[in-house]
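Shown here: entry-v1.cif, mmCIF, C-alpha atoms.
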```
data_entry
loop_
_atom_site.label_atom_id
_atom_site.label_comp_id
_atom_site.auth_asym_id
_atom_site.auth_seq_id
_atom_site.Cartn_x
_atom_site.Cartn_y
_atom_site.Cartn_z
CA GLN A 1283 31.42 48.37 -7.50
CA VAL A 1284 34.74 46.62 -7.84
CA GLN A 1285 37.11 47.94 -10.47
CA LEU A 1286 40.39 46.33 -11.44
CA VAL A 1287 42.66 48.33 -13.73
CA GLU A 1288 45.65 46.65 -15.36
CA SER A 1289 48.67 48.41 -16.77
CA GLY A 1290 52.19 47.61 -17.89
CA GLY A 1291 51.63 45.54 -20.99
CA GLY A 1292 53.45 46.11 -24.23
CA LEU A 1293 55.87 44.76 -26.78
CA VAL A 1294 59.07 43.13 -25.55
CA GLN A 1295 61.77 41.04 -27.17
CA PRO A 1296 62.26 37.39 -26.24
CA GLY A 1297 64.25 37.14 -23.03
CA GLY A 1298 63.03 40.52 -21.87
CA SER A 1299 61.00 41.55 -18.85
CA LEU A 1300 57.75 43.34 -18.08
CA THR A 1301 55.89 44.16 -14.90
CA LEU A 1302 52.11 44.20 -14.92
CA SER A 1303 50.14 46.10 -12.29
CA CYS A 1304 46.55 45.65 -11.18
CA ALA A 1305 45.07 48.45 -9.12
CA ALA A 1306 41.85 47.74 -7.24
CA SER A 1307 39.24 50.37 -6.48
CA GLY A 1308 39.09 49.35 -2.83
CA SER A 1309 41.04 47.45 -0.25
CA ILE A 1310 42.46 44.21 -1.63
CA PHE A 1311 41.96 42.74 1.83
CA SER A 1312 38.29 42.51 0.89
CA PHE A 1313 39.21 39.73 -1.55
CA ASN A 1314 40.08 36.17 -0.58
CA GLY A 1315 42.60 36.15 -3.37
CA MET A 1316 43.81 37.80 -6.55
CA GLY A 1317 45.58 36.57 -9.61
CA TRP A 1318 46.58 36.88 -13.21
CA TYR A 1319 45.12 34.94 -16.11
CA ARG A 1320 45.98 35.09 -19.76
CA GLN A 1321 44.25 34.33 -23.02
CA ALA A 1322 45.94 33.88 -26.36
CA PRO A 1323 43.98 34.09 -29.64
CA GLY A 1324 41.89 30.99 -30.14
CA GLU A 1325 42.78 29.67 -26.71
CA GLN A 1326 40.97 29.42 -23.40
CA ARG A 1327 41.76 31.73 -20.54
CA GLU A 1328 44.27 30.12 -18.20
CA LEU A 1329 45.61 30.83 -14.74
CA VAL A 1330 49.12 32.25 -14.65
CA ALA A 1331 49.61 33.02 -10.96
CA GLY A 1332 47.56 33.67 -7.86
CA ILE A 1333 48.07 35.08 -4.39
CA THR A 1334 45.77 34.75 -1.40
CA SER A 1335 44.94 37.41 1.16
CA GLY A 1336 47.38 35.64 3.43
CA GLY A 1337 50.17 35.99 0.91
CA THR A 1338 50.36 32.40 -0.34
CA SER A 1339 51.19 32.29 -4.03
CA ASN A 1340 50.84 29.65 -6.70
CA TYR A 1341 52.01 29.47 -10.29
CA ALA A 1342 51.24 27.63 -13.46
CA ASP A 1343 54.04 25.23 -14.38
CA PHE A 1344 54.79 27.12 -17.57
CA VAL A 1345 55.83 30.27 -15.65
CA LYS A 1346 57.50 28.81 -12.57
CA GLY A 1347 60.92 30.34 -12.06
CA ARG A 1348 60.21 33.16 -14.52
CA PHE A 1349 57.20 35.06 -13.15
CA THR A 1350 56.60 36.44 -9.66
CA ILE A 1351 53.31 37.65 -8.23
CA SER A 1352 53.29 40.10 -5.35
CA ARG A 1353 50.95 42.49 -3.60
CA ASP A 1354 51.23 45.94 -2.05
CA ASN A 1355 48.38 46.19 0.42
CA ALA A 1356 48.94 49.89 1.05
CA LYS A 1357 48.53 50.62 -2.67
CA ASN A 1358 45.75 48.06 -3.21
CA THR A 1359 47.81 46.74 -6.09
CA VAL A 1360 48.94 43.33 -7.27
CA TYR A 1361 51.93 42.92 -9.56
CA LEU A 1362 53.19 40.31 -11.96
CA GLN A 1363 56.91 40.50 -12.63
CA MET A 1364 57.63 38.61 -15.84
CA ASN A 1365 61.21 37.68 -16.73
CA SER A 1366 62.73 35.57 -19.50
CA LEU A 1367 59.70 36.16 -21.66
CA LYS A 1368 59.03 33.81 -24.55
CA PRO A 1369 56.96 34.29 -27.72
CA GLU A 1370 54.46 31.79 -26.31
CA ASP A 1371 53.80 34.20 -23.42
CA THR A 1372 52.07 36.48 -25.92
CA ALA A 1373 48.47 36.96 -24.76
CA VAL A 1374 46.03 39.34 -23.17
CA TYR A 1375 46.66 39.27 -19.43
CA PHE A 1376 43.71 39.74 -17.10
CA CYS A 1377 43.67 40.63 -13.43
CA ASN A 1378 41.27 38.63 -11.31
CA ALA A 1379 39.97 39.02 -7.77
CA TYR A 1380 37.55 36.75 -5.98
CA ARG A 1381 35.48 36.49 -2.86
CA ARG A 1382 34.22 33.27 -1.34
CA GLY A 1383 30.78 33.20 0.20
CA ILE A 1384 27.71 31.15 -0.47
CA ARG A 1385 29.21 31.07 -3.94
CA LYS A 1386 32.47 32.31 -5.36
CA THR A 1387 32.32 35.74 -7.00
CA ASP A 1388 34.93 36.71 -9.57
CA TYR A 1389 35.91 40.18 -10.70
CA TRP A 1390 37.92 40.93 -13.82
CA GLY A 1391 39.95 43.73 -15.26
CA GLN A 1392 39.75 44.77 -18.90
CA GLY A 1393 43.02 43.07 -19.82
CA THR A 1394 46.38 44.27 -21.06
CA GLN A 1395 48.18 42.99 -24.15
CA VAL A 1396 51.62 41.44 -23.80
CA THR A 1397 53.44 40.70 -27.05
CA VAL A 1398 56.79 38.93 -27.06
CA SER A 1399 58.42 39.23 -30.45
CA SER A 1400 61.70 40.13 -32.07
#
```
What does this structure look like when you write it as structure tokens?
Amino acid sequence: QVQLVESGGGLVQPGGSLTLSCAASGSIFSFNGMGWYRQAPGEQRELVAGITSGGTSNYADFVKGRFTISRDNAKNTVYLQMNSLKPEDTAVYFCNAYRRGIRKTDYWGQGTQVTVSS
């Protein structure tokens, strides 16, 4: 069974930085890709950043230039470095992993709260 465990959330002031980690229970090479989503209260879950097994990354426009996604294959961990945080970045951040087959299968972590406030 796939388990994704996020860590690194917390309270930070505007302009500050946080790094989120997502540790997978097995090899992340078993996934076609991984990523980070977020969901603010009353809002839909949205993609923040993704990275494929080949290392290609993509970002939502609202985080380009501020957030960086990376992966450590030896540690089976994906990271999200978040800089220049804004109050509107406040949300629960979820780690996602997926496999493509006959149909796409998604796996989710439990989420970690990020609050940007002075």
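Taking only C-alpha atoms into account, Leu1286 (chain A) lies nearest to A:Trp1390 out of the set A:Trp1390, A:Phe1313, A:Tyr1319, A:Tyr1361.
Proximity of A:Phe1376, A:Gly1290, A:Ser1303, A:Gly1393 to Asn1358 (chain A), computed with all atoms listed in the file, is greatest for A:Ser1303.
The smallest atom-to-atom distance between Val1360 (chain A) and any of A:Gly1317, A:Gly1391, A:Gly1337, A:Pro1323, using all atoms listed in the file, is found for A:Gly1317.
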(message) Would you pick out the contacts of Thr1359 (chain A) at 9 Å or less, using all atoms listed in the file, so that residues sharing its chain but fewer than 4 positions from it are not included, and give the list as a PyMOL selection string?
(response) chain A and resi 1303-1306+1309-1310+1352-1355
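The residue that comes closest to Gln1321 (chain A), out of A:Ile1384, A:Val1287, A:Val1396, A:Ala1342 and on the basis of only C-alpha atoms, is A:Val1396.
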